[in-house]
Amino acid sequence: MPGSTQLLSAAQARRPVERALLFAGVWFVVAEADLSSWTFGVPFVLVATIASLRLTPAREWRIRPAGALRYAWFFAHQSVAGGFDVALRAIRPSLPIDPKLVCYRLRIGPEHARVLVADTVSLLPGTLSAGIEEDSLTMHVLDCGLPVEEGTRLVEEHVADLFGIELAEEGGTIGPCEVGSVGTCGIGSEGAR
Amino acid sequence: MSVIDVVSVLLLVAGTFFFLAGSTGVLRFPDVYTRLHALTKADNLGLGFFVIGLSLRADSWVVVVKMVLIWALVIVAGATAGHLVAEAARTSGVVPWRKPR
């Protein structure tokens, strides 16, 4: 990350204030703007700020507003598609599912971005994240016929756009899983099994 | 009934449909992984319809922000819990159900 020591210390000084303001905003909303509730609210904000600073002292990432808007739009229409897809599969008499575990080789590096990729993948049509090991994101796929690779690549691209980070050249493909798994959609010994 | 009331009721009905479908999935799907799909995705969308539908008849904007905040927390908690349950099932050797061929 770019940032001289001076920049860092300015950020360090600002951090408790930013978080206290954030939690004060949350309390304001939770208490529905009731002023008398601040007897409980002020201690809540203090405790939450201290806990937050202890649990996640630093935050080396930043969000790009334009990327956040594109991500939000992508997220919204993908989660609508995901909800429709699974709802229709659940109520159809034929129960049209053909599930499998697959592994996706991540192109995105930073930990926070990987966590967001995993969480986003779970709301997409037919995919559920089931573990991150090194560069590999294990996913459970509800139907092998779904375009899982394209979908996951899109998630990565939107998350990279949101945080303003570069994707690695390699990866971005559905590949073989670790030992003991059940193989991958459309790859390997589908017919032999 | 005003137009807003009608739209609000339609959204609440849509939300109910997704909660029902999600619960149906939990009952009908064959294993822990497939059931998690139904829980995380259908409930997220159902709650979204509820929040929009109820926002249309909310008394103040603070209530709307509160519901959106609850929605966001449910999405984050649902996705994270889904991931952890699936990972725990996988690492403890639960073999995913496969379609009979």
# chains A, B, ... in the order shown; residues from 1 in each chain; ligands from 1
call {"tool": "interface_residues", "arguments": {"of": "chain A", "to": "chain B", "cutoff": "10 Å", "atoms": "only C-alpha atoms", "output": "JSON, numbers by chain"}}
result
{"A": [26, 27, 28, 29, 30, 31, 32, 33, 76, 79, 80, 81, 82, 83, 84, 85, 86, 87, 88, 89, 90, 91, 92, 93, 95, 96, 97, 98, 99, 100, 101, 115, 116, 118, 119, 120, 121, 122, 123, 124, 125, 126, 127, 128, 129, 130, 131, 132, 138, 139, 140, 141, 142, 143, 180, 181, 182, 191, 193]}
call {"tool": "residues_around", "arguments": {"residues": "region 51-59 of chain A", "least_positions_apart": "2", "cutoff": "12 Å", "atoms": "only C-alpha atoms", "output": "list in words"}}
result
Met1, Leu8, Ser9, Ala11, Gln12, Ala13, Arg14, Arg15, Pro16, Val17, Glu18, Arg19, Ala20, Leu22, Phe23, Phe44, Val45, Leu46, Val47, Ala48, Thr49, Trp61, Arg62, Ile63, Glu111 and His112 of chain A
call {"tool": "atom_distance", "arguments": {"atom1": "CA of Leu106 (chain A)", "atom2": "CA of Ala72 (chain A)"}}
result
21.0 Å
call {"tool": "select_by_dssp", "arguments": {"residues": "region 6-168 of chain A", "states": "strand (DSSP E)", "output": "list in words"}}
result
Lys100, Leu101, Val102, Cys103, Tyr104, Arg105, Thr127, Leu128, Ser129, Ala130, Gly131, Ile132, Glu133, Ser136, Leu137, Thr138, Met139, His140 and Val141 of chain A
call {"tool": "atom_distance", "arguments": {"atom1": "CA of Val159 (chain A)", "atom2": "CA of Gly67 (chain A)"}}
result
8.1 Å
call {"tool": "decode", "arguments": {"residues": "region 35-68 of chain B", "atoms": "N, CA and C atoms", "output": "mmCIF file, in the first residue's frame"}}
result
data_model
loop_
_atom_site.group_PDB
_atom_site.id
_atom_site.type_symbol
_atom_site.label_atom_id
_atom_site.label_comp_id
_atom_site.auth_asym_id
_atom_site.auth_seq_id
_atom_site.Cartn_x
_atom_site.Cartn_y
_atom_site.Cartn_z
ATOM 1 N N ARG B 35 -29.386 -27.564 1.041
ATOM 2 C CA ARG B 35 -30.297 -26.824 1.926
ATOM 3 C C ARG B 35 -29.768 -25.431 2.218
ATOM 4 N N LEU B 36 -28.433 -25.315 2.337
ATOM 5 C CA LEU B 36 -27.849 -23.990 2.562
ATOM 6 C C LEU B 36 -28.124 -23.050 1.395
ATOM 7 N N HIS B 37 -28.129 -23.590 0.169
ATOM 8 C CA HIS B 37 -28.479 -22.764 -0.993
ATOM 9 C C HIS B 37 -29.855 -22.144 -0.791
ATOM 10 N N ALA B 38 -30.812 -22.989 -0.401
ATOM 11 C CA ALA B 38 -32.186 -22.515 -0.238
ATOM 12 C C ALA B 38 -32.263 -21.458 0.863
ATOM 13 N N LEU B 39 -31.572 -21.711 1.983
ATOM 14 C CA LEU B 39 -31.630 -20.771 3.108
ATOM 15 C C LEU B 39 -31.041 -19.417 2.761
ATOM 16 N N THR B 40 -29.806 -19.420 2.256
ATOM 17 C CA THR B 40 -29.122 -18.142 2.059
ATOM 18 C C THR B 40 -29.779 -17.311 0.964
ATOM 19 N N LYS B 41 -30.060 -17.917 -0.178
ATOM 20 C CA LYS B 41 -30.485 -17.103 -1.324
ATOM 21 C C LYS B 41 -31.958 -16.725 -1.280
ATOM 22 N N ALA B 42 -32.824 -17.677 -1.008
ATOM 23 C CA ALA B 42 -34.253 -17.365 -1.034
ATOM 24 C C ALA B 42 -34.637 -16.429 0.112
ATOM 25 N N ASP B 43 -34.045 -16.629 1.298
ATOM 26 C CA ASP B 43 -34.388 -15.773 2.426
ATOM 27 C C ASP B 43 -33.884 -14.352 2.241
ATOM 28 N N ASN B 44 -32.699 -14.221 1.664
ATOM 29 C CA ASN B 44 -32.167 -12.891 1.381
ATOM 30 C C ASN B 44 -33.115 -12.116 0.475
ATOM 31 N N LEU B 45 -33.586 -12.767 -0.568
ATOM 32 C CA LEU B 45 -34.494 -12.092 -1.499
ATOM 33 C C LEU B 45 -35.858 -11.847 -0.855
ATOM 34 N N GLY B 46 -36.365 -12.824 -0.118
ATOM 35 C CA GLY B 46 -37.654 -12.650 0.555
ATOM 36 C C GLY B 46 -37.624 -11.486 1.531
ATOM 37 N N LEU B 47 -36.546 -11.405 2.317
ATOM 38 C CA LEU B 47 -36.413 -10.303 3.264
ATOM 39 C C LEU B 47 -36.308 -8.967 2.525
ATOM 40 N N GLY B 48 -35.616 -8.982 1.372
ATOM 41 C CA GLY B 48 -35.517 -7.763 0.566
ATOM 42 C C GLY B 48 -36.888 -7.252 0.151
ATOM 43 N N PHE B 49 -37.751 -8.144 -0.326
ATOM 44 C CA PHE B 49 -39.112 -7.743 -0.699
ATOM 45 C C PHE B 49 -39.869 -7.214 0.517
ATOM 46 N N PHE B 50 -39.700 -7.870 1.663
ATOM 47 C CA PHE B 50 -40.356 -7.407 2.893
ATOM 48 C C PHE B 50 -39.909 -5.994 3.257
ATOM 49 N N VAL B 51 -38.587 -5.764 3.210
ATOM 50 C CA VAL B 51 -38.062 -4.455 3.600
ATOM 51 C C VAL B 51 -38.598 -3.360 2.677
ATOM 52 N N ILE B 52 -38.610 -3.626 1.360
ATOM 53 C CA ILE B 52 -39.113 -2.608 0.435
ATOM 54 C C ILE B 52 -40.611 -2.403 0.646
ATOM 55 N N GLY B 53 -41.338 -3.505 0.789
ATOM 56 C CA GLY B 53 -42.781 -3.407 0.990
ATOM 57 C C GLY B 53 -43.151 -2.665 2.262
ATOM 58 N N LEU B 54 -42.426 -2.947 3.352
ATOM 59 C CA LEU B 54 -42.724 -2.270 4.623
ATOM 60 C C LEU B 54 -42.240 -0.826 4.623
ATOM 61 N N SER B 55 -41.144 -0.561 3.866
ATOM 62 C CA SER B 55 -40.646 0.818 3.783
ATOM 63 C C SER B 55 -41.696 1.753 3.196
ATOM 64 N N LEU B 56 -42.486 1.219 2.282
ATOM 65 C CA LEU B 56 -43.504 2.060 1.638
ATOM 66 C C LEU B 56 -44.557 2.537 2.628
ATOM 67 N N ARG B 57 -44.732 1.816 3.716
ATOM 68 C CA ARG B 57 -45.728 2.245 4.702
ATOM 69 C C ARG B 57 -45.100 2.642 6.033
ATOM 70 N N ALA B 58 -43.778 2.919 6.027
ATOM 71 C CA ALA B 58 -43.111 3.304 7.274
ATOM 72 C C ALA B 58 -43.451 4.745 7.639
ATOM 73 N N ASP B 59 -43.444 5.017 8.959
ATOM 74 C CA ASP B 59 -43.802 6.348 9.431
ATOM 75 C C ASP B 59 -42.667 7.349 9.271
ATOM 76 N N SER B 60 -41.427 6.878 9.418
ATOM 77 C CA SER B 60 -40.320 7.827 9.313
ATOM 78 C C SER B 60 -39.164 7.180 8.568
ATOM 79 N N TRP B 61 -38.264 8.034 8.075
ATOM 80 C CA TRP B 61 -37.123 7.517 7.309
ATOM 81 C C TRP B 61 -36.165 6.723 8.200
ATOM 82 N N VAL B 62 -36.146 7.031 9.527
ATOM 83 C CA VAL B 62 -35.241 6.297 10.409
ATOM 84 C C VAL B 62 -35.625 4.818 10.441
ATOM 85 N N VAL B 63 -36.928 4.547 10.419
ATOM 86 C CA VAL B 63 -37.391 3.159 10.415
ATOM 87 C C VAL B 63 -36.938 2.453 9.133
ATOM 88 N N VAL B 64 -36.986 3.184 8.014
ATOM 89 C CA VAL B 64 -36.541 2.606 6.744
ATOM 90 C C VAL B 64 -35.055 2.259 6.818
ATOM 91 N N VAL B 65 -34.250 3.200 7.333
ATOM 92 C CA VAL B 65 -32.807 2.935 7.458
ATOM 93 C C VAL B 65 -32.568 1.746 8.382
ATOM 94 N N LYS B 66 -33.362 1.651 9.453
ATOM 95 C CA LYS B 66 -33.216 0.538 10.390
ATOM 96 C C LYS B 66 -33.485 -0.794 9.695
ATOM 97 N N MET B 67 -34.534 -0.836 8.887
ATOM 98 C CA MET B 67 -34.847 -2.093 8.198
ATOM 99 C C MET B 67 -33.764 -2.448 7.183
ATOM 100 N N VAL B 68 -33.249 -1.432 6.482
ATOM 101 C CA VAL B 68 -32.175 -1.697 5.518
ATOM 102 C C VAL B 68 -30.932 -2.213 6.244
#
